[in-house]
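See below for the structure under consideration.
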Amino acid sequence: MILPRLFYKDQFIRRIKIMDIQSKCVQAGYEPKNGEPRVLPLYQSTTYVYDTPEQLANLFDLSEAGHIYTRISNPTVCAFEDKINALEGGVGALACSSGLAAETLAILNVCNAGDNIVSLSTVYGGTFNLFNVTLRKYGINTTFVPSSATREDLLAAIDDNTKILFCETVANPSMHIVDLEMISSVAKEKGVLLFVDNTLATPLVCKPIEFGANIVIHSTSKYIDGHACCVGGIIVDAGNFDFKGNPRYKELNVPDESYHGLVYTDCAPASFITKARVQMMRDLGCCMSPFNAYLTNMGAETLHLRMAKHGENAMACARMLANHPKVEWVKFNGLDGDENYNKARKYFREGYNSGMVVFGVKGGLEEANAFMNALEFAKIVTHIADARTSVIHPATTTHRQLSPEQLVACGISDNLIRLSVGIECSADIIRDLEQALDKVN
């Protein structure tokens, strides 16, 4: 069976596999043939022409490679999907209209009313609300466990209806780094899928599949785009989960009458991503636009350069903040003594780190606001992880809908500032932080 995303010569696929990840950022995903454009073209078309009805029928049967309709696949979008898939080391990827769309589609791909998810409580506020409010309305419940949960705690939280164990590589904004080997061992023992949101790490910093993740999700709006131009998300299927005969995932083992009787386990090892594309994306329609894929693919070409600079600048800012008299505490895993320092050394690629730093201003909410109001170079925005330095106060913005108890569970205090360190000159960033802190009482 030929999946919709496979359009490359075998020798190109082999060459991509042996490339360093830095080269994959630049060259993976698109292979121009003789006389074709060197740069990935923008295919701004909804439809594709075929000579015979038999050819189009073969595409619907997945027995022939090609594009049916841009909601399901598009040459520009597929090239971007293949780039991120190559970076993460999966068997297939599916680009979506946003990071939350990617999460929702991936969850609904295996969950029905009566099923449940086990998630770390430190997940991003939008994810927390999706799990805690919206999905519950449709009968999909979530059990939240603290970031301090032990292996035994996680095992106890999983029951016969659990379909997904969910976590973030780097939690937003608590900065907790998940123990991937421990949590993946729990998922394997219980026979459930491990979903890892790798947005704040990116595959340049950490590759969750190497530590047992089954599905990796990104908000590509962040570091992968890198320029705050395009909202998007992506799902990567590791192809390392055996759905065949697994009663917990019955829908992948029986003919899908909504897709002329296709049995998704016949598409192994890409069973999950095939179902996500031809059933869920077909029905929900939350596809990435070709234009956004074109721009995001271009951004990803410099991901390896940007992540090195983000991490370098973040380290410089964290060191300054850790020694400033008006800062109560700092969380950045690059600091010796940080609670996540050892896990970062274990799971993160040498020479790379996330550009995220969180810290507490002495004096609580009032002084945290005074600090942000005094900033000149860094801007207050509802975004993170792009080229420009920005700040936000999560307790009153991105996590505002959470109760005081839920904020504590997410690791968010009223004086927490989330600093997204950009790729500007570190001296300019630090100068701005220092002058703003000087104005705090």
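Chain identifiers are assigned as A, B, and so on, following the order in which chains appear in the structure tokens; residues are numbered from 1 within each chain, and ligands are numbered from 1 in order of appearance.
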
Can you list every residue in region 210-427 of chain A that DSSP puts in strand (DSSP E or B), as an MDAnalysis selection string? chainID A and resid 215:219 233:237 256 262 287 327:331 356:361 379:380 390:392 416:420

Within 12 Å of Leu262 (chain A), counting only C-alpha atoms, which residues qualify if same-chain residues fewer than 2 places away don't, as an MDAnalysis selection string? chainID A and resid 1 60:63 251:260 264:267 271 274:275 278:279

Can you list, as a PyMOL selection string, every residue of region 217-417 of chain A that DSSP puts in helix (DSSP H, G or I)? chain A and resi 247-252+257-259+264-267+271-284+290-300+303-322+341-347+365-374+394-396+404-409

Keeping only C-alpha atoms, write the selected residues to a file as a PDB file, in the first residue's frame.
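Produced file part_14.pdb, reproduced below:
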```pdb
ATOM      1  CA  PRO A 247      -8.304  -4.490  21.736  1.00  0.00           C
ATOM      2  CA  ARG A 248      -7.612  -1.079  23.290  1.00  0.00           C
ATOM      3  CA  TYR A 249      -7.426   0.363  19.745  1.00  0.00           C
ATOM      4  CA  LYS A 250     -10.221  -1.604  18.112  1.00  0.00           C
ATOM      5  CA  GLU A 251     -10.980   1.002  15.435  1.00  0.00           C
ATOM      6  CA  LEU A 252      -7.624   0.486  13.768  1.00  0.00           C
ATOM      7  CA  GLU A 257     -16.771   1.570   6.428  1.00  0.00           C
ATOM      8  CA  SER A 258     -16.377   5.351   6.101  1.00  0.00           C
ATOM      9  CA  TYR A 259     -13.264   4.717   4.028  1.00  0.00           C
ATOM     10  CA  TYR A 264      -5.561   0.729   9.182  1.00  0.00           C
ATOM     11  CA  THR A 265      -3.312  -1.937  10.659  1.00  0.00           C
ATOM     12  CA  ASP A 266      -2.746  -3.046   7.054  1.00  0.00           C
ATOM     13  CA  CYS A 267      -0.902   0.273   6.659  1.00  0.00           C
ATOM     14  CA  SER A 271      -1.288   2.954  10.816  1.00  0.00           C
ATOM     15  CA  PHE A 272      -1.875   5.957  13.077  1.00  0.00           C
ATOM     16  CA  ILE A 273      -0.908   8.690  10.640  1.00  0.00           C
ATOM     17  CA  THR A 274      -2.772   7.038   7.748  1.00  0.00           C
ATOM     18  CA  LYS A 275      -6.011   7.016   9.739  1.00  0.00           C
ATOM     19  CA  ALA A 276      -5.357  10.581  10.883  1.00  0.00           C
ATOM     20  CA  ARG A 277      -4.984  11.725   7.280  1.00  0.00           C
ATOM     21  CA  VAL A 278      -7.601   9.829   5.308  1.00  0.00           C
ATOM     22  CA  GLN A 279     -10.327   9.699   7.952  1.00  0.00           C
ATOM     23  CA  MET A 280      -9.831  12.434  10.553  1.00  0.00           C
ATOM     24  CA  MET A 281      -8.354  15.173   8.365  1.00  0.00           C
ATOM     25  CA  ARG A 282     -10.850  14.349   5.636  1.00  0.00           C
ATOM     26  CA  ASP A 283     -13.731  14.783   8.083  1.00  0.00           C
ATOM     27  CA  LEU A 284     -12.460  17.602  10.338  1.00  0.00           C
ATOM     28  CA  PRO A 290       0.025  25.534   1.355  1.00  0.00           C
ATOM     29  CA  PHE A 291       1.164  29.134   1.914  1.00  0.00           C
ATOM     30  CA  ASN A 292       1.736  28.551   5.636  1.00  0.00           C
ATOM     31  CA  ALA A 293       3.566  25.306   4.845  1.00  0.00           C
ATOM     32  CA  TYR A 294       5.751  27.183   2.336  1.00  0.00           C
ATOM     33  CA  LEU A 295       6.727  29.855   4.874  1.00  0.00           C
ATOM     34  CA  THR A 296       7.121  27.438   7.784  1.00  0.00           C
ATOM     35  CA  ASN A 297       9.290  25.134   5.705  1.00  0.00           C
ATOM     36  CA  MET A 298      11.508  28.123   4.911  1.00  0.00           C
ATOM     37  CA  GLY A 299      11.722  28.956   8.608  1.00  0.00           C
ATOM     38  CA  ALA A 300      12.667  25.381   9.456  1.00  0.00           C
ATOM     39  CA  LEU A 303      16.111  25.925  12.832  1.00  0.00           C
ATOM     40  CA  HIS A 304      19.554  24.527  13.697  1.00  0.00           C
ATOM     41  CA  LEU A 305      21.133  27.979  13.619  1.00  0.00           C
ATOM     42  CA  ARG A 306      18.363  29.670  15.562  1.00  0.00           C
ATOM     43  CA  MET A 307      18.089  27.062  18.317  1.00  0.00           C
ATOM     44  CA  ALA A 308      21.822  27.323  19.034  1.00  0.00           C
ATOM     45  CA  LYS A 309      21.484  31.113  19.383  1.00  0.00           C
ATOM     46  CA  HIS A 310      18.259  30.915  21.407  1.00  0.00           C
ATOM     47  CA  GLY A 311      19.966  28.589  23.889  1.00  0.00           C
ATOM     48  CA  GLU A 312      23.125  30.686  24.093  1.00  0.00           C
ATOM     49  CA  ASN A 313      21.170  33.889  24.754  1.00  0.00           C
ATOM     50  CA  ALA A 314      18.865  32.169  27.250  1.00  0.00           C
ATOM     51  CA  MET A 315      21.853  30.957  29.244  1.00  0.00           C
ATOM     52  CA  ALA A 316      23.292  34.490  29.395  1.00  0.00           C
ATOM     53  CA  CYS A 317      19.949  35.938  30.550  1.00  0.00           C
ATOM     54  CA  ALA A 318      19.397  33.176  33.122  1.00  0.00           C
ATOM     55  CA  ARG A 319      22.814  33.763  34.667  1.00  0.00           C
ATOM     56  CA  MET A 320      22.176  37.480  34.967  1.00  0.00           C
ATOM     57  CA  LEU A 321      18.717  36.981  36.456  1.00  0.00           C
ATOM     58  CA  ALA A 322      19.979  34.376  38.939  1.00  0.00           C
ATOM     59  CA  TYR A 341      19.710  20.164  35.001  1.00  0.00           C
ATOM     60  CA  ASN A 342      20.467  16.422  35.036  1.00  0.00           C
ATOM     61  CA  LYS A 343      17.475  15.515  32.850  1.00  0.00           C
ATOM     62  CA  ALA A 344      18.531  18.143  30.320  1.00  0.00           C
ATOM     63  CA  ARG A 345      22.012  16.617  30.181  1.00  0.00           C
ATOM     64  CA  LYS A 346      20.425  13.202  29.628  1.00  0.00           C
ATOM     65  CA  TYR A 347      17.793  14.028  27.014  1.00  0.00           C
ATOM     66  CA  LEU A 365       2.051  40.508  40.850  1.00  0.00           C
ATOM     67  CA  GLU A 366       2.375  44.274  41.323  1.00  0.00           C
ATOM     68  CA  GLU A 367       6.146  44.276  40.840  1.00  0.00           C
ATOM     69  CA  ALA A 368       5.949  41.719  38.034  1.00  0.00           C
ATOM     70  CA  ASN A 369       3.686  44.158  36.185  1.00  0.00           C
ATOM     71  CA  ALA A 370       6.010  47.056  36.989  1.00  0.00           C
ATOM     72  CA  PHE A 371       8.895  45.116  35.455  1.00  0.00           C
ATOM     73  CA  MET A 372       6.986  44.336  32.265  1.00  0.00           C
ATOM     74  CA  ASN A 373       5.754  47.919  31.916  1.00  0.00           C
ATOM     75  CA  ALA A 374       9.364  49.155  32.101  1.00  0.00           C
ATOM     76  CA  PRO A 394       0.925  33.500  32.407  1.00  0.00           C
ATOM     77  CA  ALA A 395      -1.236  33.644  35.555  1.00  0.00           C
ATOM     78  CA  THR A 396      -3.268  36.550  34.158  1.00  0.00           C
ATOM     79  CA  PRO A 404      -5.724  29.002  42.058  1.00  0.00           C
ATOM     80  CA  GLU A 405      -5.321  25.288  42.812  1.00  0.00           C
ATOM     81  CA  GLN A 406      -4.839  24.463  39.139  1.00  0.00           C
ATOM     82  CA  LEU A 407      -2.255  27.229  38.777  1.00  0.00           C
ATOM     83  CA  VAL A 408      -0.269  25.674  41.605  1.00  0.00           C
ATOM     84  CA  ALA A 409      -0.541  22.264  39.932  1.00  0.00           C
TER      85      ALA A 409
END
```

Compile the contact shell of Ile164 (chain A) as a list of chain:residue names: residues with an atom at most 8 Å away, counting only C-alpha atoms, same-chain residues fewer than 2 positions apart removed.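 That gives A:Ile107, A:Asn116, A:Ile117, A:Val118, A:Thr162, A:Phe166, A:Val192, A:Leu193, A:Leu194, A:Phe195.
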
For region 144-150 of chain A, find every residue with an atom within 7 Å (counting only C-alpha atoms), except residues of its own chain fewer than 3 positions away, and show them as a list of chain:residue names.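 That gives A:Val118, A:Ser119, A:Leu120, A:Ser121, A:Thr122, A:Asp153, A:Leu154, A:Ala409.
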
Would you kindly return, as number ranges by chain, each protein, DNA or RNA residue with an atom no farther than 12 Å from any atom of Ile215 (chain A), considering only C-alpha atoms and excluding same-chain residues fewer than 4 positions away? A: 85, 88-94, 102-103, 106-107, 109-110, 164-168, 184, 187, 192-198, 207-211, 234-241, 270-273, 276

If we count only C-alpha atoms, what is near Asp432 (chain A) at a cut-off of 6 Å, once residues fewer than 3 positions away on the same chain are taken out, given as a PyMOL selection string? chain A and resi 377+429+435

CA of Ala86 (chain A) to CA of Ala28 (chain A), distance in Å rounded to a single decimal: 6.7 Å

For Gly232 (chain A), the nearest of the candidates A:His383, A:Lys244, A:Lys17, A:His218, counting only C-alpha atoms: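 Of A:His383, A:Lys244, A:Lys17, A:His218, the one nearest Gly232 (chain A) is A:His218, counting only C-alpha atoms.
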
Spatial neighbours of region 45-59 of chain A, 7 Å, only C-alpha atoms, chain gap at least 5 places, as a ChimeraX atom specification: /A:64-70

Just the selected residues (C-alpha atoms), exported as an mmCIF file, in the first residue's frame, please.
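Output saved as again10.cif:
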```cif
data_model
loop_
_atom_site.group_PDB
_atom_site.id
_atom_site.type_symbol
_atom_site.label_atom_id
_atom_site.label_comp_id
_atom_site.auth_asym_id
_atom_site.auth_seq_id
_atom_site.Cartn_x
_atom_site.Cartn_y
_atom_site.Cartn_z
ATOM 1 C CA GLU A 64 -1.006 4.760 -6.124
ATOM 2 C CA ALA A 65 0.882 7.872 -4.990
ATOM 3 C CA GLY A 66 -0.566 11.291 -5.676
ATOM 4 C CA HIS A 67 -2.812 14.041 -4.384
ATOM 5 C CA ILE A 68 -6.590 13.878 -4.206
ATOM 6 C CA TYR A 69 -7.512 17.228 -2.677
ATOM 7 C CA THR A 70 -5.480 19.753 -0.685
#
```
